[in-house]
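Enquirer: Next comes work18.tsv, TSV, C-alpha atoms:
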chain	number	residue	atom	x	y	z
A	21	MET	CA	-58.08	-92.09	82.89
A	22	LEU	CA	-57.14	-89.64	85.61
A	23	ALA	CA	-54.57	-90.70	88.19
A	24	PRO	CA	-56.03	-92.88	90.97
A	25	GLU	CA	-55.51	-90.12	93.57
A	26	GLU	CA	-57.41	-87.61	91.41
A	27	GLN	CA	-60.20	-90.11	90.81
A	28	LEU	CA	-60.50	-90.81	94.54
A	29	HIS	CA	-60.79	-87.08	95.31
A	30	ILE	CA	-63.68	-86.81	92.84
A	31	ILE	CA	-65.37	-90.01	94.04
A	32	LYS	CA	-65.16	-88.93	97.69
A	33	SER	CA	-66.91	-85.61	97.00
A	34	GLY	CA	-70.30	-85.84	98.71
A	35	THR	CA	-69.69	-89.44	99.79
A	36	ALA	CA	-70.65	-90.52	103.31
A	37	GLN	CA	-68.45	-93.61	103.63
A	38	ILE	CA	-66.21	-95.90	101.57
A	39	VAL	CA	-65.70	-99.37	103.05
A	40	PRO	CA	-62.81	-100.02	102.80
A	41	GLU	CA	-61.22	-96.99	101.15
A	42	GLU	CA	-57.84	-98.69	100.69
A	43	ALA	CA	-59.52	-101.46	98.67
A	44	LEU	CA	-61.02	-98.88	96.32
A	45	MET	CA	-57.61	-97.28	95.84
A	46	LYS	CA	-56.13	-100.70	95.08
A	47	LYS	CA	-58.79	-101.30	92.42
A	48	LEU	CA	-58.26	-97.83	90.90
A	49	ARG	CA	-54.49	-98.36	90.69
A	50	ARG	CA	-54.99	-101.30	88.33
A	51	GLY	CA	-55.94	-98.80	85.65
A	52	THR	CA	-58.79	-100.91	84.26
A	53	PRO	CA	-62.47	-99.89	84.30
A	54	LEU	CA	-64.37	-100.92	87.43
A	55	ASN	CA	-67.85	-102.42	87.38
A	56	VAL	CA	-69.89	-100.07	89.57
A	57	LYS	CA	-73.29	-101.31	90.67
A	58	LEU	CA	-76.47	-99.62	91.81
A	59	GLY	CA	-79.60	-101.62	92.55
A	60	VAL	CA	-82.98	-99.89	92.76
A	61	ASP	CA	-86.37	-101.35	93.55
A	62	PRO	CA	-89.13	-99.75	91.43
A	63	THR	CA	-91.51	-99.20	94.34
A	64	ALA	CA	-92.67	-95.74	93.15
A	65	PRO	CA	-93.11	-94.35	89.63
A	66	ASP	CA	-91.49	-90.91	89.96
A	67	ILE	CA	-88.07	-89.91	91.23
A	68	HIS	CA	-86.72	-86.64	92.60
A	69	LEU	CA	-83.28	-85.14	93.22
A	70	GLY	CA	-82.93	-87.19	96.41
A	71	HIS	CA	-83.43	-90.43	94.46
A	72	ALA	CA	-81.02	-89.16	91.80
A	73	VAL	CA	-78.09	-88.75	94.23
A	74	PRO	CA	-76.67	-92.27	93.60
A	75	LEU	CA	-77.46	-91.91	89.89
A	76	ARG	CA	-75.39	-88.73	89.82
A	77	LYS	CA	-72.50	-90.56	91.51
A	78	LEU	CA	-72.83	-93.35	88.94
A	79	ARG	CA	-72.58	-90.76	86.17
A	80	GLN	CA	-69.43	-89.46	87.84
A	81	PHE	CA	-67.93	-92.95	87.65
A	82	GLN	CA	-68.96	-93.13	83.97
A	83	ASP	CA	-67.23	-89.81	83.25
A	84	LEU	CA	-64.10	-91.19	84.91
A	85	GLY	CA	-64.10	-94.09	82.42
A	86	HIS	CA	-65.68	-96.84	84.54
A	87	GLU	CA	-68.50	-99.22	83.68
A	88	VAL	CA	-71.90	-98.97	85.34
A	89	THR	CA	-74.48	-101.68	85.95
A	90	LEU	CA	-77.93	-100.43	86.91
A	91	ILE	CA	-79.98	-103.26	88.39
A	92	ILE	CA	-83.74	-102.86	88.41
A	93	GLY	CA	-84.87	-104.91	91.37
A	94	ASP	CA	-88.05	-106.32	89.92
A	95	GLY	CA	-87.23	-109.51	91.80
A	96	THR	CA	-86.24	-107.99	95.16
A	97	ALA	CA	-89.21	-105.60	94.95
A	98	LEU	CA	-91.45	-108.64	95.42
A	99	ILE	CA	-89.88	-108.94	98.88
A	100	GLY	CA	-89.71	-105.25	99.75
A	101	ASP	CA	-86.63	-103.56	101.22
A	102	PRO	CA	-86.91	-103.58	105.05
A	103	SER	CA	-84.21	-100.89	105.45
A	104	GLY	CA	-85.34	-98.20	107.86
A	105	ARG	CA	-88.75	-99.79	108.30
A	106	ASN	CA	-90.50	-100.50	111.59
A	107	THR	CA	-93.21	-102.50	109.85
A	108	THR	CA	-93.32	-104.98	106.99
A	109	ARG	CA	-93.36	-103.17	103.65
A	110	PRO	CA	-96.51	-103.92	101.58
A	111	GLN	CA	-95.74	-106.28	98.72
A	112	LEU	CA	-96.32	-104.97	95.21
A	113	SER	CA	-97.85	-106.90	92.32
A	114	ARG	CA	-95.77	-107.80	89.26
A	115	ALA	CA	-97.88	-105.38	87.19
A	116	GLN	CA	-97.16	-102.47	89.56
A	117	ILE	CA	-93.46	-103.29	89.59
A	118	GLU	CA	-93.22	-103.47	85.78
A	119	GLN	CA	-95.05	-100.17	85.33
A	120	ASN	CA	-92.88	-98.41	87.93
A	121	ALA	CA	-89.71	-99.93	86.48
A	122	GLN	CA	-90.28	-98.49	83.00
A	123	THR	CA	-90.94	-95.01	84.40
A	124	TYR	CA	-87.87	-95.24	86.62
A	125	VAL	CA	-85.60	-96.26	83.74
A	126	ASP	CA	-86.85	-93.39	81.57
A	127	GLN	CA	-86.04	-90.91	84.34
A	128	ALA	CA	-82.73	-92.54	85.30
A	129	PHE	CA	-81.44	-92.00	81.77
A	130	LYS	CA	-81.93	-88.28	82.26
A	131	VAL	CA	-78.82	-88.66	84.46
A	132	LEU	CA	-76.92	-91.69	83.15
A	133	ASP	CA	-75.32	-92.11	79.73
A	134	PRO	CA	-77.41	-94.92	78.18
A	135	GLU	CA	-74.54	-96.01	75.92
A	136	LYS	CA	-72.27	-96.55	78.93
A	137	THR	CA	-74.88	-98.26	81.14
A	138	THR	CA	-75.61	-101.97	81.41
A	139	LEU	CA	-79.24	-102.38	82.44
A	140	ARG	CA	-80.18	-105.62	84.19
A	141	TYR	CA	-83.34	-106.88	85.90
A	142	ASN	CA	-82.63	-109.13	88.87
A	143	SER	CA	-85.72	-111.24	88.23
A	144	GLU	CA	-83.47	-112.84	85.57
A	145	TRP	CA	-81.56	-114.76	88.25
A	146	ILE	CA	-83.60	-114.41	91.46
A	147	LEU	CA	-86.80	-115.92	90.10
A	148	ASP	CA	-84.83	-118.72	88.43
A	149	LEU	CA	-83.36	-119.95	91.73
A	150	ASP	CA	-84.60	-123.43	92.55
A	151	MET	CA	-84.90	-124.71	96.12
A	152	GLU	CA	-81.42	-126.26	96.05
A	153	GLY	CA	-79.83	-123.03	94.86
A	154	LEU	CA	-81.75	-120.97	97.41
A	155	LEU	CA	-80.71	-123.24	100.28
A	156	LYS	CA	-77.05	-123.06	99.25
A	157	LEU	CA	-77.27	-119.28	99.15
A	158	LEU	CA	-79.00	-118.99	102.53
A	159	ALA	CA	-76.40	-121.25	104.13
A	160	ASN	CA	-73.89	-118.38	103.84
A	161	PHE	CA	-75.81	-116.27	106.38
A	162	THR	CA	-76.86	-116.78	109.99
A	163	VAL	CA	-79.98	-115.52	111.73
A	164	ALA	CA	-77.75	-113.77	114.28
A	165	ARG	CA	-75.97	-111.91	111.47
A	166	ILE	CA	-79.24	-110.79	109.87
A	167	LEU	CA	-80.58	-109.62	113.24
A	168	GLU	CA	-77.56	-107.34	113.61
A	169	ARG	CA	-79.12	-104.82	111.25
A	170	ASP	CA	-80.74	-102.05	113.23
A	171	ASP	CA	-84.24	-102.22	111.78
A	172	PHE	CA	-84.56	-105.98	112.35
A	173	HIS	CA	-82.95	-105.74	115.80
A	174	ASN	CA	-85.26	-102.92	116.88
A	175	ARG	CA	-88.37	-104.67	115.62
A	176	TYR	CA	-87.35	-107.96	117.24
A	177	THR	CA	-86.55	-106.45	120.66
A	178	SER	CA	-89.73	-104.35	120.67
A	179	GLY	CA	-91.93	-107.28	119.75
A	180	GLN	CA	-92.81	-105.95	116.28
A	181	PRO	CA	-93.46	-108.76	113.78
A	182	ILE	CA	-90.85	-109.60	111.14
A	183	SER	CA	-92.02	-111.69	108.22
A	184	LEU	CA	-89.67	-114.50	107.25
A	185	HIS	CA	-89.51	-113.33	103.63
A	186	GLU	CA	-87.93	-110.04	104.77
A	187	PHE	CA	-84.80	-111.92	105.87
A	188	LEU	CA	-84.28	-112.83	102.22
A	189	TYR	CA	-83.85	-109.22	101.08
A	190	PRO	CA	-80.19	-108.59	102.03
A	191	VAL	CA	-79.33	-112.10	100.79
A	192	MET	CA	-80.88	-111.44	97.38
A	193	GLN	CA	-79.25	-108.01	97.08
A	194	ALA	CA	-75.91	-109.63	97.94
A	195	TYR	CA	-76.53	-112.28	95.29
A	196	ASP	CA	-76.96	-109.49	92.70
A	197	SER	CA	-73.35	-108.45	93.35
A	198	VAL	CA	-72.14	-112.03	92.90
A	199	VAL	CA	-73.97	-112.44	89.59
A	200	ILE	CA	-72.63	-109.25	87.99
A	201	LYS	CA	-69.19	-109.43	89.71
A	202	ALA	CA	-69.43	-105.92	91.16
A	203	ASP	CA	-66.27	-104.00	92.06
A	204	VAL	CA	-68.16	-101.21	93.82
A	205	GLU	CA	-71.75	-100.95	95.03
A	206	LEU	CA	-73.48	-97.65	95.81
A	207	GLY	CA	-76.33	-97.00	98.19
A	208	GLY	CA	-77.72	-94.62	100.77
A	209	THR	CA	-76.39	-94.61	104.32
A	210	ASP	CA	-79.39	-96.78	105.27
A	211	GLN	CA	-78.16	-99.43	102.81
A	212	LEU	CA	-74.76	-100.13	104.41
A	213	PHE	CA	-75.84	-103.49	105.89
A	214	ASN	CA	-77.13	-104.69	102.51
A	215	LEU	CA	-73.94	-103.54	100.77
A	216	LEU	CA	-71.74	-105.26	103.34
A	217	ALA	CA	-73.80	-108.44	102.92
A	218	GLY	CA	-72.76	-108.42	99.27
A	219	ARG	CA	-69.11	-107.97	100.23
A	220	GLU	CA	-69.37	-110.82	102.76
A	221	LEU	CA	-71.04	-113.21	100.31
A	222	MET	CA	-68.44	-112.53	97.63
A	223	GLU	CA	-65.64	-113.31	100.10
A	224	LYS	CA	-67.30	-116.59	101.10
A	225	LEU	CA	-67.55	-117.57	97.45
A	226	ASP	CA	-63.82	-116.81	96.93
A	227	MET	CA	-64.50	-113.73	94.81
A	228	GLU	CA	-62.80	-110.37	95.16
A	229	PRO	CA	-65.23	-108.49	97.42
A	230	GLN	CA	-66.91	-105.30	96.34
A	231	VAL	CA	-66.21	-101.92	97.91
A	232	CYS	CA	-69.23	-100.35	99.61
A	233	LEU	CA	-69.84	-96.65	98.94
A	234	THR	CA	-72.64	-94.88	100.78
A	235	LEU	CA	-74.16	-91.49	100.06
A	236	PRO	CA	-75.97	-89.20	102.49
A	237	LEU	CA	-79.66	-88.42	102.32
A	238	LEU	CA	-80.45	-85.12	100.63
A	239	GLU	CA	-82.58	-82.73	102.67
A	240	GLY	CA	-85.55	-81.21	100.92
A	241	THR	CA	-86.31	-77.58	100.20
A	242	ASP	CA	-87.31	-77.05	103.84
A	243	GLY	CA	-83.70	-77.74	104.81
A	244	THR	CA	-84.64	-80.13	107.61
A	245	LEU	CA	-86.43	-83.29	106.51
A	246	LYS	CA	-85.15	-85.71	103.88
A	247	MET	CA	-86.44	-84.96	100.41
A	248	SER	CA	-89.78	-86.73	100.02
A	249	LYS	CA	-93.03	-86.30	98.17
A	250	SER	CA	-94.90	-87.00	101.39
A	251	TYR	CA	-93.16	-84.00	103.00
A	252	LYS	CA	-93.85	-81.82	99.92
A	253	ASN	CA	-90.24	-80.62	99.96
A	254	TYR	CA	-89.02	-82.32	96.80
A	255	ILE	CA	-87.65	-81.21	93.44
A	256	GLY	CA	-88.79	-83.71	90.83
A	257	LEU	CA	-86.80	-84.70	87.77
A	258	THR	CA	-89.92	-84.14	85.69
A	259	ASP	CA	-90.86	-80.81	87.34
A	260	SER	CA	-91.11	-77.85	84.97
A	261	PRO	CA	-87.97	-75.69	84.51
A	262	GLU	CA	-89.70	-72.89	86.40
A	263	ASP	CA	-90.47	-75.16	89.35
A	264	ILE	CA	-86.95	-76.62	89.46
A	265	PHE	CA	-85.44	-73.12	89.42
A	266	GLY	CA	-87.90	-71.66	91.93
A	267	LYS	CA	-87.72	-74.58	94.35
A	268	THR	CA	-83.92	-74.52	94.24
A	269	MET	CA	-83.92	-70.80	95.07
A	270	SER	CA	-85.95	-71.61	98.20
A	271	ILE	CA	-83.40	-73.98	99.79
A	272	PRO	CA	-81.42	-72.66	102.80
A	273	ASP	CA	-78.03	-71.16	101.98
A	274	GLU	CA	-76.21	-73.69	104.15
A	275	LEU	CA	-77.38	-76.55	101.89
A	276	MET	CA	-76.06	-75.10	98.63
A	277	VAL	CA	-72.69	-76.85	98.68
A	278	LYS	CA	-74.34	-80.18	99.52
A	279	TYR	CA	-76.73	-79.75	96.60
A	280	PHE	CA	-73.79	-78.93	94.32
A	281	ARG	CA	-71.96	-82.09	95.42
A	282	LEU	CA	-74.94	-84.47	95.36
A	283	ALA	CA	-77.26	-83.12	92.68
A	284	SER	CA	-75.26	-81.06	90.13
A	285	ASP	CA	-72.74	-81.99	87.46
A	286	LEU	CA	-70.33	-79.18	88.26
A	287	PRO	CA	-66.69	-80.38	88.42
A	288	VAL	CA	-65.55	-81.14	91.96
A	289	THR	CA	-62.72	-78.61	91.70
A	290	GLU	CA	-65.25	-75.84	90.98
A	291	ILE	CA	-67.43	-76.96	93.88
A	292	ASP	CA	-64.38	-76.82	96.14
A	293	GLU	CA	-63.81	-73.22	95.01
A	294	ILE	CA	-67.46	-72.33	95.62
A	295	GLU	CA	-67.31	-73.82	99.11
A	296	GLN	CA	-64.19	-71.82	99.88
A	297	GLY	CA	-65.67	-68.64	98.39
A	298	LEU	CA	-68.81	-68.93	100.52
A	299	ALA	CA	-66.75	-69.64	103.64
A	300	ASN	CA	-64.59	-66.53	103.27
A	301	ASP	CA	-67.45	-64.28	102.00
A	302	GLY	CA	-65.80	-64.02	98.61
A	303	LEU	CA	-69.01	-65.15	96.87
A	304	HIS	CA	-72.55	-63.80	97.35
A	305	PRO	CA	-74.95	-66.62	98.34
A	306	ASN	CA	-77.71	-65.41	95.99
A	307	LYS	CA	-75.37	-65.50	93.00
A	308	VAL	CA	-74.21	-69.00	93.92
A	309	LYS	CA	-77.76	-70.24	94.41
A	310	ARG	CA	-78.73	-68.92	90.97
A	311	GLN	CA	-75.80	-70.82	89.50
A	312	LEU	CA	-77.04	-73.98	91.22
A	313	ALA	CA	-80.61	-73.45	90.00
A	314	ARG	CA	-79.47	-72.87	86.41
A	315	ASN	CA	-77.27	-75.97	86.54
A	316	LEU	CA	-80.11	-78.20	87.77
A	317	VAL	CA	-82.49	-76.95	85.07
A	318	GLU	CA	-79.82	-77.46	82.39
A	319	LEU	CA	-79.27	-81.03	83.59
A	320	TYR	CA	-82.87	-82.05	82.97
A	321	TYR	CA	-83.73	-79.60	80.16
A	322	ASP	CA	-81.20	-77.27	78.48
A	323	ALA	CA	-79.50	-73.87	78.76
A	324	ASP	CA	-82.36	-72.03	77.04
A	325	ALA	CA	-84.87	-73.48	79.51
A	326	ALA	CA	-82.60	-72.45	82.40
A	327	ALA	CA	-82.37	-68.86	81.12
A	328	ALA	CA	-86.15	-68.69	80.63
A	329	ALA	CA	-86.76	-70.14	84.12
A	330	GLU	CA	-84.47	-67.52	85.68
A	331	GLU	CA	-86.28	-64.76	83.78
A	332	HIS	CA	-89.61	-66.16	84.97
A	333	PHE	CA	-88.33	-66.25	88.55
A	334	ASP	CA	-87.22	-62.62	88.42
A	335	LYS	CA	-90.52	-61.53	86.91
A	336	VAL	CA	-92.59	-63.28	89.57
A	337	PHE	CA	-90.45	-62.89	92.68
A	338	LYS	CA	-88.46	-59.71	92.11
A	339	ALA	CA	-90.81	-57.60	90.01
A	340	HIS	CA	-93.94	-59.31	91.42
A	341	GLU	CA	-95.41	-59.53	87.94
A	342	VAL	CA	-97.77	-62.16	86.63
A	343	PRO	CA	-96.08	-64.52	84.14
A	344	ASP	CA	-97.15	-64.28	80.51
A	345	ASP	CA	-97.72	-68.00	80.04
A	346	ILE	CA	-100.01	-68.90	82.94
A	347	PRO	CA	-102.77	-71.44	82.24
A	348	VAL	CA	-106.29	-70.18	81.63
A	349	PHE	CA	-109.43	-71.80	83.04
A	350	GLU	CA	-111.87	-71.82	80.11
A	351	GLY	CA	-114.76	-73.75	81.64
A	352	ASP	CA	-117.77	-72.66	83.66
A	353	LEU	CA	-117.10	-72.05	87.32
A	354	PRO	CA	-118.67	-74.80	89.49
A	355	LEU	CA	-121.36	-73.33	91.74
A	356	ASN	CA	-122.74	-74.77	94.97
A	357	ASP	CA	-126.35	-74.62	96.14
A	358	ASP	CA	-125.79	-71.03	97.32
A	359	GLY	CA	-124.60	-69.93	93.89
A	360	GLU	CA	-120.98	-69.55	95.05
A	361	VAL	CA	-117.72	-71.23	94.12
A	362	TYR	CA	-116.30	-73.55	96.77
A	363	LEU	CA	-112.76	-72.28	96.29
A	364	ALA	CA	-111.02	-75.15	98.10
A	365	ALA	CA	-112.52	-77.81	95.81
A	366	PHE	CA	-111.97	-75.63	92.74
A	367	LEU	CA	-108.26	-75.21	93.48
A	368	HIS	CA	-107.94	-78.97	93.88
A	369	SER	CA	-109.77	-79.72	90.60
A	370	ALA	CA	-107.64	-77.11	88.79
A	371	GLY	CA	-104.44	-78.83	89.96
A	372	LEU	CA	-103.32	-76.01	92.26
A	373	ALA	CA	-103.62	-78.11	95.42
A	374	ASN	CA	-103.27	-81.83	96.13
A	375	SER	CA	-106.62	-81.93	97.92
A	376	ALA	CA	-109.41	-79.67	99.09
A	377	GLY	CA	-108.02	-80.00	102.61
A	378	GLU	CA	-104.63	-78.73	101.50
A	379	ALA	CA	-106.36	-75.85	99.67
A	380	ARG	CA	-108.17	-74.87	102.88
A	381	ARG	CA	-104.87	-74.88	104.76
A	382	LEU	CA	-103.31	-72.69	102.08
A	383	ILE	CA	-106.22	-70.26	102.31
A	384	ASP	CA	-106.02	-70.14	106.10
A	385	GLY	CA	-102.29	-69.46	105.89
A	386	GLY	CA	-102.66	-66.57	103.47
A	387	GLY	CA	-101.21	-68.60	100.61
A	388	VAL	CA	-104.04	-68.00	98.12
A	389	LYS	CA	-104.43	-64.63	96.39
A	390	VAL	CA	-107.06	-63.39	93.97
A	391	ASN	CA	-105.82	-60.43	91.92
A	392	ASP	CA	-102.90	-60.16	94.37
A	393	VAL	CA	-105.21	-59.86	97.41
A	394	ALA	CA	-104.94	-62.68	99.96
A	395	VAL	CA	-108.15	-64.63	100.54
A	396	ALA	CA	-109.19	-64.27	104.17
A	397	ALA	CA	-108.79	-67.27	106.46
A	398	LYS	CA	-111.83	-69.58	106.58
A	399	ARG	CA	-113.28	-67.92	103.49
A	400	TYR	CA	-113.73	-70.98	101.34
A	401	ASN	CA	-116.69	-69.78	99.22
A	402	MET	CA	-116.55	-66.86	96.78
A	403	ALA	CA	-119.07	-65.15	94.51
A	404	PRO	CA	-118.38	-66.14	90.87
A	405	GLU	CA	-118.28	-62.50	89.70
A	406	LYS	CA	-115.23	-61.90	91.91
A	407	LEU	CA	-113.37	-64.72	90.16
A	408	LYS	CA	-114.25	-64.09	86.51
A	409	GLY	CA	-111.30	-62.52	84.75
A	410	ALA	CA	-109.20	-62.80	87.91
A	411	VAL	CA	-105.72	-64.22	88.40
A	412	ILE	CA	-105.43	-66.73	91.23
A	413	LYS	CA	-102.01	-67.23	92.80
A	414	VAL	CA	-101.39	-70.25	95.03
A	415	GLY	CA	-98.19	-70.37	97.02
A	416	LYS	CA	-95.17	-68.67	95.49
A	417	ARG	CA	-95.21	-69.93	91.94
A	418	HIS	CA	-98.56	-71.32	90.81
A	419	PHE	CA	-101.00	-69.15	88.84
A	420	LEU	CA	-104.34	-69.60	87.11
A	421	LYS	CA	-106.27	-67.07	85.02
A	422	ILE	CA	-110.06	-67.35	85.01
A	423	LYS	CA	-111.69	-66.44	81.72
A	424	GLU	CA	-114.04	-63.43	81.67
Taking this structure as input, can you express it in the form of structure tokens?
Expert:
Amino acid sequence: MLAPEEQLHIIKSGTAQIVPEEALMKKLRRGTPLNVKLGVDPTAPDIHLGHAVPLRKLRQFQDLGHEVTLIIGDGTALIGDPSGRNTTRPQLSRAQIEQNAQTYVDQAFKVLDPEKTTLRYNSEWILDLDMEGLLKLLANFTVARILERDDFHNRYTSGQPISLHEFLYPVMQAYDSVVIKADVELGGTDQLFNLLAGRELMEKLDMEPQVCLTLPLLEGTDGTLKMSKSYKNYIGLTDSPEDIFGKTMSIPDELMVKYFRLASDLPVTEIDEIEQGLANDGLHPNKVKRQLARNLVELYYDADAAAAAEEHFDKVFKAHEVPDDIPVFEGDLPLNDDGEVYLAAFLHSAGLANSAGEARRLIDGGGVKVNDVAVAAKRYNMAPEKLKGAVIKVGKRHFLKIKE
């Protein structure tokens, strides 16, 4: 193992807060592997780079020689995490949770080393709690303490309803830490209350309390809003190599170092050098961003895919050429009663837009081109002869060839 001071420097890279830092240093100085915990509720099937931030930090702990416990919250997901919510989160069915959990695990192991990861499902102990056990657990918390968390406090003072079952969430997450005897628990900055609840419960049960490590939210490709599918600014772990590379090249320059620290596997010392090089103009931002894009593709595919994605990017965005491997629409063009193709619906059915409404917005914004000529705003219908044999380009990186 590296010296504790070296480990701490690596662990702190990209970290928002360590509570308390001196306790982590004390644990590291023992020289024995720590049990580092991350709990995730499988509330959605797909994950993106923003979701992978704590997974990447877990992998960092693994590479430093520590043990990792990934808890799939199939029990806590029945409650629904109230963090950052101004309304009660809809409860999922067991079937939805199980389906999401399997997909999440498959994607998480694109980041984590499966051989060094202990995978647990908290339904093992949460759903086995009887009334006596639950009452003993709840007796360690007060209503006043639970109402200290911002989301509950804000909802309570503004008259927004809080369901009683929501109060159980931080208690159950804290109980997870007790069961697995966590040394460190990771979470987003919005999870600090839940993490501290685990530390508090462990102290009350005469256990050595866990250290709480929070990580910042990762902004999306727009550089402003947090990465989210709903904001359409995400880079998915299952995106194609071309999309990962192209989306990464679109992020603002000022976010590159943050992406390196939170989303890449580059050694911290190299990231420090990159940050310094960008600050003193010793490195060109475009070259650095290409390095980031290649690294992210290699993480989820391989070096050959990264090289091919970069070549594809240069062909499309620098030489403005049409890629060689674009999909071809082989079917008959759908015609409306006027004998024309309703382009908005066609783009949606072909998978080039999430909906016909989004396709219309893309057309109105000049984001749809037929044979490299932008479709005029409000022109949603086209004669089929103008589309046969044509190449449709939607946005910056999506193409479709229509058969002759």
Enquirer: Which residues of stretch 220-327 of chain A sit at most 9 Å from stretch 34-52 of chain A, using all atoms listed in the file? Give each one's shortest atom pair and distance in Å (one decimal place), in chain and ascending residue order, as a tab-separated table.
Expert:
residue	atom	partner	partner_atom	distance
A:Gln230	CA	A:Ala43	CA	8.6
A:Val231	CA	A:Val39	CA	5.8
A:Cys232	CA	A:Val39	CA	5.0
A:Leu233	CA	A:Ile38	CA	4.5
A:Thr234	CA	A:Gln37	CA	5.2
A:Leu235	CA	A:Ala36	CA	4.9
A:Pro236	CA	A:Ala36	CA	5.5
A:Lys278	CA	A:Gly34	CA	7.0
A:Phe280	CA	A:Gly34	CA	8.9
A:Arg281	CA	A:Gly34	CA	5.3
A:Leu282	CA	A:Gly34	CA	5.9
Enquirer: Got a sec: who's within 7 Å of A:Lys421, counting all atoms listed in the file, leaving out chain neighbours fewer than 3 positions off, as an MDAnalysis selection string?
Expert: chainID A and resid 346:349 409:412
Enquirer: Could you dump the residues just selected with C-alpha atoms as a JSON list (two decimals), in the frame of the given file?
Expert:
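Okay, result-v1.json is ready:
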[["chain", "number", "residue", "atom", "x", "y", "z"],
["A", 346, "ILE", "CA", -100.01, -68.90, 82.94],
["A", 347, "PRO", "CA", -102.77, -71.44, 82.24],
["A", 348, "VAL", "CA", -106.29, -70.18, 81.63],
["A", 349, "PHE", "CA", -109.43, -71.80, 83.04],
["A", 409, "GLY", "CA", -111.30, -62.52, 84.75],
["A", 410, "ALA", "CA", -109.20, -62.80, 87.91],
["A", 411, "VAL", "CA", -105.72, -64.22, 88.40],
["A", 412, "ILE", "CA", -105.43, -66.73, 91.23]]
Enquirer: Quick one: residues within 12 Å of A:Lys224, all atoms listed in the file, excluding same-chain residues fewer than 5 positions away - as a compact mmCIF listing (two decimals) with C-alpha atoms, keeping the file's coordinate frame?
Expert:
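Just written: selection_12.txt:
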# COMPACT_ATOMS: atom_id res chain seq x y z
CA LYS A 156 -77.05 -123.06 99.25
CA LEU A 157 -77.27 -119.28 99.15
CA ALA A 159 -76.40 -121.25 104.13
CA ASN A 160 -73.89 -118.38 103.84
CA PHE A 161 -75.81 -116.27 106.38
CA ALA A 194 -75.91 -109.63 97.94
CA TYR A 195 -76.53 -112.28 95.29
CA VAL A 198 -72.14 -112.03 92.90
CA ALA A 217 -73.80 -108.44 102.92
CA GLY A 218 -72.76 -108.42 99.27
CA ARG A 219 -69.11 -107.97 100.23
CA PRO A 229 -65.23 -108.49 97.42
Enquirer: Using only C-alpha atoms, determine which residues lie at most 10 Å from A:His418, disregarding the query and same-chain residues fewer than 5 positions distant; provide the list as a PyMOL selection string.
Expert: chain A and resi 263+343+346-347+371-373+388+412-413
Enquirer: Distance atom CA of A:Ala283-atom CA of A:Asp126, one decimal place?
Expert: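 According to the coordinates, atom CA of A:Ala283 and atom CA of A:Asp126 are separated by 17.9 Å.
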